[in-house]
file upload-v9.txt (compact mmCIF, C-alpha atoms)
# COMPACT_ATOMS: atom_id res chain seq x y z
CA MET A 1 57.92 64.94 170.91
CA LEU A 2 55.70 67.69 172.30
CA ASP A 3 56.67 69.89 175.18
CA THR A 4 53.57 69.39 177.29
CA ARG A 5 53.79 72.62 179.27
CA LYS A 6 50.91 74.90 178.44
CA GLY A 7 51.68 77.54 175.83
CA ASN A 8 54.81 75.93 174.43
CA LEU A 9 55.11 74.93 170.80
CA PRO A 10 55.85 71.50 169.31
CA VAL A 11 59.53 70.65 169.27
CA ASN A 12 59.72 70.87 165.48
CA ASP A 13 57.75 74.12 165.30
CA ARG A 14 58.73 77.74 165.71
CA MET A 15 60.51 78.89 168.86
CA ARG A 16 60.30 82.30 170.45
CA VAL A 17 63.85 83.14 171.47
CA LEU A 18 64.94 85.96 173.77
CA ILE A 19 68.54 87.15 173.19
CA GLY A 20 70.38 89.36 175.66
CA GLY A 21 72.98 91.39 173.78
CA GLY A 22 71.53 90.31 170.47
CA SER A 23 72.68 93.40 168.57
CA GLY A 24 76.38 92.49 168.77
CA PHE A 25 78.60 90.52 166.40
CA VAL A 26 77.49 87.04 167.50
CA GLY A 27 73.94 88.18 168.20
CA ARG A 28 73.44 89.41 164.64
CA GLU A 29 74.62 86.08 163.24
CA LEU A 30 72.42 84.13 165.66
CA THR A 31 69.39 86.30 164.85
CA ARG A 32 69.92 85.76 161.12
CA LEU A 33 70.16 81.99 161.61
CA LEU A 34 67.11 81.76 163.88
CA LYS A 35 64.94 83.82 161.54
CA SER A 36 66.09 81.74 158.55
CA LYS A 37 64.74 78.69 160.40
CA GLY A 38 61.39 80.40 161.03
CA HIS A 39 61.95 81.25 164.68
CA GLU A 40 60.84 84.48 166.33
CA VAL A 41 63.52 86.66 167.96
CA THR A 42 63.25 89.34 170.62
CA ILE A 43 66.43 91.20 171.56
CA ILE A 44 67.16 92.65 174.99
CA SER A 45 69.19 95.83 174.63
CA ARG A 46 69.75 99.17 176.31
CA GLN A 47 67.47 100.95 173.83
CA PRO A 48 63.89 99.96 172.94
CA GLY A 49 62.76 99.48 169.36
CA PRO A 50 60.99 97.08 166.98
CA GLY A 51 61.61 93.51 168.11
CA ARG A 52 63.41 94.75 171.22
CA ILE A 53 62.84 95.13 174.92
CA THR A 54 65.16 96.71 177.47
CA TRP A 55 66.90 95.23 180.49
CA ALA A 56 64.72 97.51 182.62
CA ASP A 57 61.64 95.89 181.04
CA VAL A 58 62.89 92.44 182.07
CA GLU A 59 63.62 93.62 185.61
CA SER A 60 60.23 95.28 186.04
CA SER A 61 57.91 93.06 184.01
CA GLY A 62 59.65 89.71 184.03
CA LEU A 63 60.31 87.31 181.20
CA PRO A 64 58.16 87.61 178.06
CA PRO A 65 56.74 84.32 176.72
CA CYS A 66 59.57 82.37 175.09
CA GLU A 67 60.80 78.84 174.53
CA GLY A 68 64.48 79.76 174.65
CA ALA A 69 66.66 82.40 176.29
CA VAL A 70 70.28 83.28 175.45
CA ASN A 71 72.68 85.76 176.99
CA LEU A 72 75.44 87.22 174.81
CA ALA A 73 75.65 90.57 176.60
CA GLY A 74 79.01 91.95 177.64
CA GLU A 75 81.37 94.88 177.11
CA ASN A 76 83.90 94.08 174.36
CA ILE A 77 86.99 92.92 176.23
CA MET A 78 89.25 93.90 173.30
CA ASN A 79 87.71 97.36 172.83
CA PRO A 80 90.65 99.40 171.46
CA LEU A 81 89.02 102.61 172.70
CA ARG A 82 89.04 101.56 176.36
CA TRP A 83 92.17 101.77 178.49
CA TRP A 84 92.72 98.84 180.84
CA ASN A 85 91.85 100.31 184.25
CA ASP A 86 89.59 99.60 187.23
CA SER A 87 86.59 101.30 185.63
CA TYR A 88 86.86 99.14 182.51
CA LYS A 89 87.29 95.98 184.61
CA ARG A 90 84.14 96.82 186.57
CA ASP A 91 82.26 97.29 183.31
CA LEU A 92 83.50 93.91 182.02
CA PHE A 93 82.15 92.18 185.12
CA SER A 94 78.87 94.08 185.50
CA SER A 95 77.92 93.89 181.81
CA ARG A 96 78.22 90.09 181.96
CA VAL A 97 77.41 89.08 185.53
CA ASP A 98 74.57 91.52 186.17
CA THR A 99 72.76 90.86 182.88
CA THR A 100 73.13 87.11 183.37
CA ARG A 101 71.74 87.37 186.89
CA THR A 102 68.82 89.47 185.62
CA LEU A 103 67.88 86.83 183.04
CA ALA A 104 68.36 83.92 185.44
CA GLN A 105 66.15 85.60 188.04
CA ALA A 106 63.48 86.35 185.42
CA ILE A 107 63.53 82.71 184.31
CA SER A 108 63.35 81.53 187.93
CA THR A 109 60.28 83.64 188.73
CA SER A 110 58.45 83.00 185.45
CA SER A 111 55.22 81.02 185.63
CA LEU A 112 56.20 79.43 182.32
CA PRO A 113 60.00 79.30 182.10
CA PRO A 114 61.65 78.55 178.75
CA HIS A 115 62.68 74.99 177.96
CA SER A 116 66.28 76.13 177.26
CA TRP A 117 68.58 78.71 178.86
CA VAL A 118 71.92 79.18 177.08
CA LEU A 119 74.76 81.26 178.52
CA ILE A 120 77.84 82.16 176.46
CA THR A 121 81.00 82.64 178.55
CA GLY A 122 84.58 81.79 177.48
CA VAL A 123 87.59 79.49 177.65
CA ALA A 124 89.46 81.81 180.03
CA CYS A 125 88.48 79.45 182.86
CA TYR A 126 91.13 77.01 181.59
CA LYS A 127 94.70 77.84 182.66
CA PRO A 128 97.01 78.64 179.71
CA SER A 129 99.39 75.79 178.96
CA LEU A 130 101.47 74.52 176.07
CA GLN A 131 100.89 70.90 177.14
CA ASN A 132 97.56 70.46 178.93
CA GLN A 133 94.40 69.70 176.99
CA TYR A 134 90.99 70.67 178.34
CA THR A 135 87.59 69.12 177.69
CA GLU A 136 84.25 70.11 179.18
CA GLU A 137 84.93 67.55 181.92
CA SER A 138 88.18 69.21 183.04
CA GLU A 139 88.08 70.56 186.57
CA TRP A 140 89.24 74.12 187.08
CA THR A 141 89.50 76.82 189.72
CA SER A 142 89.96 80.53 189.13
CA PHE A 143 93.57 81.71 188.94
CA ASP A 144 93.45 85.24 187.49
CA LEU A 145 91.07 88.09 186.70
CA LEU A 146 89.53 86.57 183.59
CA SER A 147 88.99 83.13 185.13
CA ARG A 148 87.31 84.83 188.12
CA LEU A 149 85.09 86.61 185.61
CA VAL A 150 84.02 83.30 184.07
CA GLU A 151 83.45 81.83 187.54
CA GLU A 152 81.16 84.67 188.65
CA TRP A 153 79.48 84.79 185.24
CA GLU A 154 78.54 81.11 185.20
CA GLU A 155 77.50 81.15 188.86
CA ALA A 156 75.13 84.08 188.15
CA GLY A 157 73.42 81.99 185.47
CA ARG A 158 72.65 78.95 187.63
CA LEU A 159 68.96 78.29 188.16
CA PRO A 160 67.41 77.02 191.39
CA GLN A 161 66.96 73.26 191.40
CA SER A 162 63.17 73.52 191.17
CA VAL A 163 63.46 75.55 187.95
CA ALA A 164 66.37 73.56 186.56
CA GLN A 165 64.14 70.47 186.56
CA LYS A 166 62.04 72.20 183.88
CA THR A 167 64.60 74.30 182.01
CA ARG A 168 67.66 72.87 180.30
CA GLN A 169 70.73 74.89 181.27
CA VAL A 170 73.61 75.08 178.79
CA VAL A 171 76.91 76.95 179.12
CA ILE A 172 78.93 77.44 175.91
CA ARG A 173 82.57 78.44 176.30
CA PRO A 174 83.80 79.83 172.96
CA GLY A 175 87.34 80.59 171.94
CA ALA A 176 88.21 83.53 169.67
CA VAL A 177 85.18 84.08 167.45
CA LEU A 178 86.21 84.57 163.81
CA GLY A 179 84.09 86.32 161.21
CA ARG A 180 84.41 89.10 158.66
CA ASP A 181 82.00 91.56 160.25
CA GLY A 182 83.28 91.72 163.82
CA GLY A 183 85.40 90.24 166.54
CA ALA A 184 89.16 89.96 166.31
CA MET A 185 89.23 89.55 162.52
CA LYS A 186 87.77 92.98 161.88
CA GLN A 187 90.78 94.57 163.59
CA MET A 188 93.34 92.17 162.11
CA LEU A 189 92.47 92.20 158.43
CA THR A 190 93.72 95.72 157.68
CA PRO A 191 97.29 95.26 159.01
CA PHE A 192 97.47 91.85 157.33
CA TRP A 193 96.32 93.33 154.01
CA LEU A 194 99.10 95.91 154.40
CA GLY A 195 101.67 93.16 154.93
CA LEU A 196 102.17 94.12 158.58
CA GLY A 197 100.80 90.95 160.16
CA GLY A 198 102.85 88.62 162.30
CA PRO A 199 102.73 86.20 165.24
CA LEU A 200 101.85 87.56 168.68
CA GLY A 201 104.47 86.96 171.33
CA SER A 202 106.23 83.63 170.79
CA GLY A 203 103.50 82.40 168.42
CA ARG A 204 103.73 78.99 170.12
CA GLN A 205 100.68 79.60 172.32
CA PRO A 206 97.53 77.58 171.51
CA PHE A 207 94.83 79.53 169.67
CA PRO A 208 91.34 78.11 170.38
CA TRP A 209 88.88 79.57 167.87
CA ILE A 210 85.45 79.11 166.28
CA HIS A 211 83.82 80.58 163.18
CA VAL A 212 80.89 82.85 164.09
CA SER A 213 78.50 80.76 161.96
CA ASP A 214 79.45 77.65 163.92
CA LEU A 215 78.96 79.43 167.24
CA ALA A 216 75.49 80.55 166.14
CA GLY A 217 74.76 77.00 165.01
CA LEU A 218 75.92 75.59 168.34
CA ILE A 219 73.67 78.00 170.23
CA LEU A 220 70.71 76.89 168.10
CA HIS A 221 71.72 73.27 168.72
CA ALA A 222 71.64 73.98 172.47
CA LEU A 223 68.29 75.79 172.26
CA GLU A 224 66.49 72.98 170.50
CA PRO A 225 64.62 70.75 172.94
CA SER A 226 66.16 67.35 173.48
CA THR A 227 64.19 64.31 172.35
CA ASN A 228 65.45 62.60 175.51
CA THR A 229 62.43 61.94 177.74
CA THR A 230 64.46 62.01 180.97
CA PRO A 231 64.12 65.22 183.02
CA PRO A 232 66.82 67.86 182.48
CA SER A 233 69.88 67.74 184.71
CA THR A 234 69.83 70.32 187.48
CA GLN A 235 73.47 71.09 186.59
CA PRO A 236 74.33 73.09 183.44
CA GLU A 237 75.54 71.17 180.42
CA VAL A 238 78.85 72.58 179.19
CA PHE A 239 79.90 72.75 175.53
CA ASN A 240 83.33 74.00 174.50
CA GLY A 241 82.63 76.34 171.58
CA VAL A 242 85.88 75.74 169.71
CA ALA A 243 86.71 74.14 166.38
CA PRO A 244 88.13 70.59 166.70
CA ALA A 245 91.41 71.70 165.09
CA LEU A 246 94.23 72.45 167.54
CA ASN A 247 96.17 75.43 166.23
CA THR A 248 98.81 77.82 167.50
CA ASN A 249 98.91 81.56 166.98
CA TYR A 250 101.81 81.03 164.57
CA GLU A 251 99.73 78.61 162.45
CA PHE A 252 96.80 81.01 162.42
CA THR A 253 99.06 83.90 161.38
CA LYS A 254 100.76 81.98 158.58
CA GLU A 255 97.48 80.59 157.20
CA LEU A 256 95.81 84.01 157.15
CA GLY A 257 98.86 85.50 155.41
CA ARG A 258 98.87 82.67 152.86
CA ILE A 259 95.19 83.12 151.98
CA LEU A 260 95.65 86.89 151.68
CA TRP A 261 98.88 86.46 149.70
CA ARG A 262 100.65 88.69 152.20
CA PRO A 263 103.91 88.25 154.15
CA THR A 264 103.78 87.76 157.93
CA LEU A 265 107.21 89.03 158.87
CA PHE A 266 106.48 91.34 161.79
CA PRO A 267 106.07 89.52 165.12
CA VAL A 268 104.56 91.60 167.92
CA PRO A 269 106.61 91.23 171.12
CA GLY A 270 104.76 90.20 174.25
CA PHE A 271 106.01 93.21 176.24
CA LEU A 272 104.47 95.53 173.63
CA MET A 273 101.12 93.72 173.90
CA ASP A 274 101.31 94.11 177.69
CA ALA A 275 102.00 97.83 177.35
CA LEU A 276 99.22 98.44 174.80
CA LEU A 277 96.49 96.25 176.29
CA GLY A 278 97.46 95.76 179.93
CA SER A 279 99.03 92.48 181.02
CA GLU A 280 95.78 91.02 182.40
CA ARG A 281 94.08 91.51 179.04
CA ALA A 282 97.06 90.73 176.80
CA VAL A 283 97.14 87.12 178.05
CA ILE A 284 94.12 86.46 175.79
CA LEU A 285 96.45 86.92 172.82
CA THR A 286 99.90 86.04 174.16
CA GLN A 287 98.87 82.87 176.01
CA GLY A 288 96.33 80.19 175.17
CA GLN A 289 94.76 76.84 175.96
CA LYS A 290 94.38 73.57 174.07
CA VAL A 291 90.61 73.20 174.25
CA ILE A 292 88.80 70.12 172.91
CA PRO A 293 85.06 70.22 172.00
CA LYS A 294 84.50 66.69 173.33
CA ARG A 295 80.89 66.99 174.50
CA THR A 296 80.08 69.34 171.65
CA LEU A 297 80.96 66.62 169.14
CA GLU A 298 79.38 63.86 171.23
CA SER A 299 76.10 65.82 171.23
CA GLY A 300 75.91 65.40 167.45
CA PHE A 301 76.85 68.96 166.51
CA GLN A 302 78.60 69.21 163.14
CA PHE A 303 80.98 72.08 162.41
CA GLN A 304 80.70 73.86 159.07
CA TYR A 305 84.26 75.14 159.50
CA PRO A 306 86.29 72.56 161.46
CA ASP A 307 89.70 73.79 160.28
CA LEU A 308 91.50 77.09 159.71
CA VAL A 309 91.67 76.77 155.93
CA SER A 310 87.88 76.51 155.48
CA ALA A 311 87.14 79.17 158.11
CA LEU A 312 89.62 81.75 156.84
CA ARG A 313 88.70 81.17 153.18
CA LYS A 314 85.08 81.86 154.05
CA ILE A 315 86.01 85.04 155.93
CA VAL A 316 88.40 86.41 153.32
CA LYS A 317 86.71 85.29 150.10
CA GLY A 318 83.07 84.93 151.19
call {"tool": "encode", "arguments": {"input": "upload-v9.txt", "output": "structure tokens"}}
result
Amino acid sequence: MLDTRKGNLPVNDRMRVLIGGGSGFVGRELTRLLKSKGHEVTIISRQPGPGRITWADVESSGLPPCEGAVNLAGENIMNPLRWWNDSYKRDLFSSRVDTTRTLAQAISTSSLPPHSWVLITGVACYKPSLQNQYTEESEWTSFDLLSRLVEEWEEAGRLPQSVAQKTRQVVIRPGAVLGRDGGAMKQMLTPFWLGLGGPLGSGRQPFPWIHVSDLAGLILHALEPSTNTTPPSTQPEVFNGVAPALNTNYEFTKELGRILWRPTLFPVPGFLMDALLGSERAVILTQGQKVIPKRTLESGFQFQYPDLVSALRKIVKG
């Protein structure tokens, strides 16, 4: 099927993809995947350079020609160098909400908006529970700082109805993103190698996760134009970016220790996590949600790493 809007490429041909925050952990993996498929990538970052534009460029000059736009921008919420205070919280919100709003406004005012707009948020919108299971269809309301962040973040990305009739809107809510070169694993591998790893808090809390290669693949899946000839929905499609396996923190800890041939005898008490990270941030690690990728699987997406064994083996052994 051809996208009949002037200037766009055939569905099966090369896409020009604009990535906000493309220089980060997930952005690097997504860029590698897109380029391996023959697509052209432009990154929006704070500093200009080859293959890059700045956020100021987008605000002043609008959206460059592209078939897809993605926003991955955001201050690292688990940055060990940042103390949990009001300044850091403001940065967490502004780095996500403001950049998302900038891209959404640029798309809305473009004479030729992209056919796909993909926003990456998180599963913090779902209330932690040992019993409840959440799919993309689960209703939710904000209940703490991080769920309010997701609420404002996703609202900032909504396109006006007139634009949404032309541009497919997709929201991907990933769990913990696992990979060797960044994210939580980069900080965890050293203590585990030293035999100092252990469950966090009770260890019973659900641990929704996704391998970084699968998250990049899901973003590409969302970017690719649908062969469905019906007009796009004016409401964003939501995909839970989590592996179909339901694991606890204890299971994750024991499996990582087993693959590394290291003991996992040192649990980290919840009160210590609260003291080190701040209680509002520590809940990411000490609490969790059972998240099901129902629509993700129904859309035809296939996970390369659907279980912890395959994901952790890839990370540890390459």
call {"tool": "atom_distance", "arguments": {"input": "upload-v9.txt", "atom1": "atom CA of A:Gly241", "atom2": "atom CA of A:Ser45"}}
result
23.9 Å
call {"tool": "residues_around", "arguments": {"input": "upload-v9.txt", "residues": "A:Phe143", "least_positions_apart": "6", "cutoff": "12 Å", "atoms": "all atoms listed in the file", "output": "PyMOL selection string"}}
result
chain A and resi 124-128+149-151+280
call {"tool": "residues_around", "arguments": {"input": "upload-v9.txt", "residues": "stretch 103-117 of chain A", "least_positions_apart": "6", "cutoff": "10 Å", "atoms": "only C-alpha atoms", "output": "number ranges by chain"}}
result
A: 3, 5-8, 15-20, 44, 55, 58-71, 156-171, 222-226, 232, 236
call {"tool": "write_last_selection", "arguments": {"input": "upload-v9.txt", "atoms": "C-alpha atoms", "output": "mmCIF file, keeping the file's coordinate frame"}}
result
data_model
loop_
_atom_site.group_PDB
_atom_site.id
_atom_site.type_symbol
_atom_site.label_atom_id
_atom_site.label_comp_id
_atom_site.auth_asym_id
_atom_site.auth_seq_id
_atom_site.Cartn_x
_atom_site.Cartn_y
_atom_site.Cartn_z
ATOM 1 C CA ASP A 3 56.670 69.890 175.180
ATOM 2 C CA ARG A 5 53.790 72.620 179.270
ATOM 3 C CA LYS A 6 50.910 74.900 178.440
ATOM 4 C CA GLY A 7 51.680 77.540 175.830
ATOM 5 C CA ASN A 8 54.810 75.930 174.430
ATOM 6 C CA MET A 15 60.510 78.890 168.860
ATOM 7 C CA ARG A 16 60.300 82.300 170.450
ATOM 8 C CA VAL A 17 63.850 83.140 171.470
ATOM 9 C CA LEU A 18 64.940 85.960 173.770
ATOM 10 C CA ILE A 19 68.540 87.150 173.190
ATOM 11 C CA GLY A 20 70.380 89.360 175.660
ATOM 12 C CA ILE A 44 67.160 92.650 174.990
ATOM 13 C CA TRP A 55 66.900 95.230 180.490
ATOM 14 C CA VAL A 58 62.890 92.440 182.070
ATOM 15 C CA GLU A 59 63.620 93.620 185.610
ATOM 16 C CA SER A 60 60.230 95.280 186.040
ATOM 17 C CA SER A 61 57.910 93.060 184.010
ATOM 18 C CA GLY A 62 59.650 89.710 184.030
ATOM 19 C CA LEU A 63 60.310 87.310 181.200
ATOM 20 C CA PRO A 64 58.160 87.610 178.060
ATOM 21 C CA PRO A 65 56.740 84.320 176.720
ATOM 22 C CA CYS A 66 59.570 82.370 175.090
ATOM 23 C CA GLU A 67 60.800 78.840 174.530
ATOM 24 C CA GLY A 68 64.480 79.760 174.650
ATOM 25 C CA ALA A 69 66.660 82.400 176.290
ATOM 26 C CA VAL A 70 70.280 83.280 175.450
ATOM 27 C CA ASN A 71 72.680 85.760 176.990
ATOM 28 C CA ALA A 156 75.130 84.080 188.150
ATOM 29 C CA GLY A 157 73.420 81.990 185.470
ATOM 30 C CA ARG A 158 72.650 78.950 187.630
ATOM 31 C CA LEU A 159 68.960 78.290 188.160
ATOM 32 C CA PRO A 160 67.410 77.020 191.390
ATOM 33 C CA GLN A 161 66.960 73.260 191.400
ATOM 34 C CA SER A 162 63.170 73.520 191.170
ATOM 35 C CA VAL A 163 63.460 75.550 187.950
ATOM 36 C CA ALA A 164 66.370 73.560 186.560
ATOM 37 C CA GLN A 165 64.140 70.470 186.560
ATOM 38 C CA LYS A 166 62.040 72.200 183.880
ATOM 39 C CA THR A 167 64.600 74.300 182.010
ATOM 40 C CA ARG A 168 67.660 72.870 180.300
ATOM 41 C CA GLN A 169 70.730 74.890 181.270
ATOM 42 C CA VAL A 170 73.610 75.080 178.790
ATOM 43 C CA VAL A 171 76.910 76.950 179.120
ATOM 44 C CA ALA A 222 71.640 73.980 172.470
ATOM 45 C CA LEU A 223 68.290 75.790 172.260
ATOM 46 C CA GLU A 224 66.490 72.980 170.500
ATOM 47 C CA PRO A 225 64.620 70.750 172.940
ATOM 48 C CA SER A 226 66.160 67.350 173.480
ATOM 49 C CA PRO A 232 66.820 67.860 182.480
ATOM 50 C CA PRO A 236 74.330 73.090 183.440
#
call {"tool": "atom_distance", "arguments": {"input": "upload-v9.txt", "atom1": "atom CA of A:Val123", "atom2": "atom CA of A:Gln47"}}
result
29.7 Å
call {"tool": "closest_atom_pairs", "arguments": {"input": "upload-v9.txt", "of": "stretch 114-187 of chain A", "to": "stretch 294-299 of chain A", "cutoff": "9 Å", "atoms": "all atoms listed in the file", "output": "tab-separated table"}}
result
residue	atom	partner	partner_atom	distance
A:Thr135	CA	A:Lys294	CA	5.9
A:Glu136	CA	A:Arg295	CA	6.6
A:Glu137	CA	A:Arg295	CA	8.5
call {"tool": "residues_around", "arguments": {"input": "upload-v9.txt", "residues": "A:Phe303", "least_positions_apart": "3", "cutoff": "12 Å", "atoms": "all atoms listed in the file", "output": "list in words"}}
result
Ile210, His211, Val212, Ser213, Asp214, Leu215, Ala216, Gly217, Leu218, His221, Gly241, Val242, Ala243, Pro244, Ala245, Pro293, Thr296, Leu297, Ser299, Gly300, Pro306, Asp307, Leu308, Ser310 and Ala311 of chain A
call {"tool": "residues_around", "arguments": {"input": "upload-v9.txt", "residues": "stretch 189-205 of chain A", "least_positions_apart": "6", "cutoff": "10 Å", "atoms": "only C-alpha atoms", "output": "number ranges by chain"}}
result
A: 128-131, 180, 247-254, 256-257, 260-273, 282-283, 285-290, 315-316
call {"tool": "axis_aligned_box", "arguments": {"input": "upload-v9.txt", "around": "stretch 292-311 of chain A", "padding_each_side": "8 Å", "output": "lines of an AutoDock Vina configuration file"}}
result
center_x = 83.8
center_y = 71.5
center_z = 165.0
size_x = 31.8
size_y = 31.3
size_z = 35.0
call {"tool": "atom_distance", "arguments": {"input": "upload-v9.txt", "atom1": "atom CA of A:Leu33", "atom2": "atom CA of A:Leu178"}}
result
16.4 Å
call {"tool": "residues_around", "arguments": {"input": "upload-v9.txt", "residues": "stretch 82-94 of chain A", "least_positions_apart": "5", "cutoff": "7 Å", "atoms": "only C-alpha atoms", "output": "PyMOL selection string"}}
result
chain A and resi 74-75+77+149+277-278
